[in-house]
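These notes are about the structure you will find just below.
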Amino acid sequence: MDKEFAFNSDGLHRAVELMSRDFSSDQVLDLSNELPEIGMGSIAAMNSLAASILGGAARLGEATSFAHMDPPTPWITWAMTLWNASLNQNLLHPATAPAARQMEHRVVAWLAPFFGMNGGHMTPGSTVANLTALWSARECAGVTEVIASEASHLSIAKAAHILGLKYLSVPTDANGSMDAALLPTDLSKSVLVLTAGTTSTGAIDTLALAARAAWTHVDAAWAGPLRLSQYANLLDGIEAADSVAVSAHKWLFQPKESALVFFKNTEKSHAAISFGGAYLATPNVGVLGSHGATATALLATLLAWGHQGVAQRIEHCMSLARCLRDFVAADERLELYAEPQTGIVVWRPKDKNLFDKLLHQLPKGSTSTTSIAGGKWFRNVAANPSAEIDQFIATIQGVMAERVHG
């Protein structure tokens, strides 16, 4: 047997040991321009890559990490990912992933009811989930156009283009949500895409609009998991949609790439986007052919935490955002773009000359920026339950005080 495919306890222990080390982020691997003719061996390769992979990565679980929708992941998902890599299951065929297929079905069955859906499947991300939903809309409802707000994710316009559907962008209101008054009157040939948690501001479109079109799809990539929390009412109306997309690698704290697409009528939707083949025992559903056992990590997390544990962490993130919102609102030197809806706080100093100076003095990984109506804003995203919000606020206070006295 080739030893490279055998269990190597020493090598795996070495990998875990390297994970615990503190590598300098400026250590970059010096790679040849050409493929090496002779390999250095697996242990040597791992040792040489550690500084670049582990040291050069953004630390999403650090106390100052408050800038993006990308969360840290619980350690149980690391273990599941290791198991998945060692087994290389392919859910395309029952014979190659019998247990993993059942686990995906179970995860979907657990989560779909929170959105008023009755099933679905996993995808590598909400870009594919959105494409899958709009494909189903075209096949099941005969839609010819996609309507979404100008703040919708770029994957919606991409999907429309791929599917040969006309795309119409609707302006947003002062809060960043779709301006419902500007919707076309006739939606009989339209799939209406409502966003639950826009990328820039976290705004939620009016979900009461669901069911007004031939098909309604809700892109809940970011805010969808709120349905498992005390903030579930923020997404009331989502249950009237025909399909919903949720990114598990956002507020369900999963490793990339992990998302779900849910359907109101899964049997009909899946039948419309399924293809068979002489080599397949069951029809292939959706965009992907081969796909891995992503559900095992999500299943393990849900088993480990339960509904309450998931809700607790999401609610804590929401409380972190609320703390920052309250600070900004109370400081006369700062301004909010709008009231935060889903854990994203968009703000800036009223003195626009301080914007770049303040940005450069904020902790690394603490703040991203976005452009709205030609203006620059800071954007903080509560995706990290371990963020130290008091420490971040103190930093802002310190920098602003320096500017006042300087």
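Just so we're on the same page: first chain in the structure tokens is A, next is B, and so on; residues restart at 1 for each chain, and ligands are numbered from 1 in the order they show up.
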
How would you write, as a PyMOL selection string, the set of residues in segment 102-341 of chain A that DSSP gives as strand (DSSP E)?
chain A and resi 119-123+145-149+166-170+190-195+215-219+243-247+259-263+274-275+284-285+334-336

Which polymer residues have any atom within 9 Å of an atom of segment 187-198 of chain A, counting only C-alpha atoms, with same-chain residues fewer than 2 positions away left out, as a PyMOL selection string?
chain A and resi 134+137-138+141-149+151-153+156+176-178+183-185+200-207+209-224+235+238+341-342+344

Residues from last step as file, C-alpha atoms, as an mmCIF file, in the first residue's frame:
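part.cif written:
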```
data_model
loop_
_atom_site.group_PDB
_atom_site.id
_atom_site.type_symbol
_atom_site.label_atom_id
_atom_site.label_comp_id
_atom_site.auth_asym_id
_atom_site.auth_seq_id
_atom_site.Cartn_x
_atom_site.Cartn_y
_atom_site.Cartn_z
ATOM 1 C CA LEU A 134 -33.912 31.024 -10.145
ATOM 2 C CA ALA A 137 -38.369 29.409 -11.002
ATOM 3 C CA ARG A 138 -37.760 29.458 -14.739
ATOM 4 C CA ALA A 141 -43.212 29.070 -13.106
ATOM 5 C CA GLY A 142 -42.182 30.017 -16.634
ATOM 6 C CA VAL A 143 -40.688 33.338 -15.543
ATOM 7 C CA THR A 144 -38.926 35.500 -18.107
ATOM 8 C CA GLU A 145 -37.431 38.190 -15.870
ATOM 9 C CA VAL A 146 -35.728 38.620 -12.512
ATOM 10 C CA ILE A 147 -36.535 41.650 -10.358
ATOM 11 C CA ALA A 148 -34.309 42.566 -7.406
ATOM 12 C CA SER A 149 -33.215 45.679 -5.556
ATOM 13 C CA ALA A 151 -28.635 46.428 -3.203
ATOM 14 C CA SER A 152 -29.122 42.758 -4.036
ATOM 15 C CA HIS A 153 -26.109 40.475 -4.189
ATOM 16 C CA ILE A 156 -28.656 37.537 -8.644
ATOM 17 C CA GLY A 176 -31.281 50.396 1.921
ATOM 18 C CA SER A 177 -34.332 48.162 1.345
ATOM 19 C CA MET A 178 -36.147 47.691 -1.957
ATOM 20 C CA LEU A 183 -42.023 47.730 -8.462
ATOM 21 C CA PRO A 184 -43.710 47.014 -11.806
ATOM 22 C CA THR A 185 -47.453 46.439 -11.579
ATOM 23 C CA SER A 200 -23.461 46.563 2.578
ATOM 24 C CA THR A 201 -25.962 47.437 5.303
ATOM 25 C CA GLY A 202 -27.810 44.265 6.333
ATOM 26 C CA ALA A 203 -31.164 45.743 5.275
ATOM 27 C CA ILE A 204 -34.202 43.505 4.856
ATOM 28 C CA ASP A 205 -36.550 43.988 1.925
ATOM 29 C CA THR A 206 -40.273 44.016 2.708
ATOM 30 C CA LEU A 207 -41.011 40.304 2.960
ATOM 31 C CA LEU A 209 -44.140 41.299 -0.935
ATOM 32 C CA ALA A 210 -43.634 37.534 -1.101
ATOM 33 C CA ALA A 211 -46.217 35.757 -3.283
ATOM 34 C CA ARG A 212 -46.980 38.870 -5.353
ATOM 35 C CA ALA A 213 -44.975 37.555 -8.284
ATOM 36 C CA ALA A 214 -45.074 34.328 -10.273
ATOM 37 C CA TRP A 215 -42.223 33.167 -8.004
ATOM 38 C CA THR A 216 -40.649 34.768 -4.954
ATOM 39 C CA HIS A 217 -37.120 33.932 -3.917
ATOM 40 C CA VAL A 218 -35.608 35.257 -0.691
ATOM 41 C CA ASP A 219 -31.840 35.620 -0.628
ATOM 42 C CA ALA A 220 -31.354 35.182 3.122
ATOM 43 C CA ALA A 221 -27.672 34.323 2.832
ATOM 44 C CA TRP A 222 -26.778 36.596 5.730
ATOM 45 C CA ALA A 223 -29.858 37.089 7.901
ATOM 46 C CA GLY A 224 -31.584 33.747 7.391
ATOM 47 C CA LEU A 235 -38.027 37.737 8.747
ATOM 48 C CA ILE A 238 -40.413 34.586 4.418
ATOM 49 C CA GLN A 341 -31.414 45.598 11.258
ATOM 50 C CA THR A 342 -29.305 42.443 11.127
ATOM 51 C CA ILE A 344 -24.343 45.224 10.489
#
```

Leaving out segment 75-89 of chain A and any residue of its chain fewer than 4 positions from it, which residues lie within 7 Å of it when counting only C-alpha atoms, given as a list in words?
Thr96, Ala97, Gln254, Gly292, Ala293, Thr296, Ala297, Ala300 and Thr301 of chain A

Just write the chosen residues, C-alpha atoms, as a compact mmCIF listing (two decimals), in the first residue's frame.
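Output contents, as saved in part.txt:
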```txt
# COMPACT_ATOMS: atom_id res chain seq x y z
CA THR A 96 -20.17 6.50 -2.65
CA ALA A 97 -21.71 8.36 0.31
CA GLN A 254 -19.57 26.71 9.13
CA GLY A 292 -18.72 16.57 -0.86
CA ALA A 293 -20.07 15.78 2.59
CA THR A 296 -21.50 16.49 8.27
CA ALA A 297 -19.88 19.59 9.80
CA ALA A 300 -22.17 17.99 14.08
CA THR A 301 -22.50 21.67 15.04
```

Nearest-residue call for Pro225 of chain A, choices A:Asn175, A:Thr294, A:Gln361, A:Gln312, using only C-alpha atoms:
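When distances to Pro225 of chain A are compared using only C-alpha atoms, the smallest one comes from A:Gln312.
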
Every residue of segment 120-217 of chain A that DSSP places in helix (DSSP H, G or I), as a ChimeraX atom specification
/A:126-141,154-163,180-182,207-209
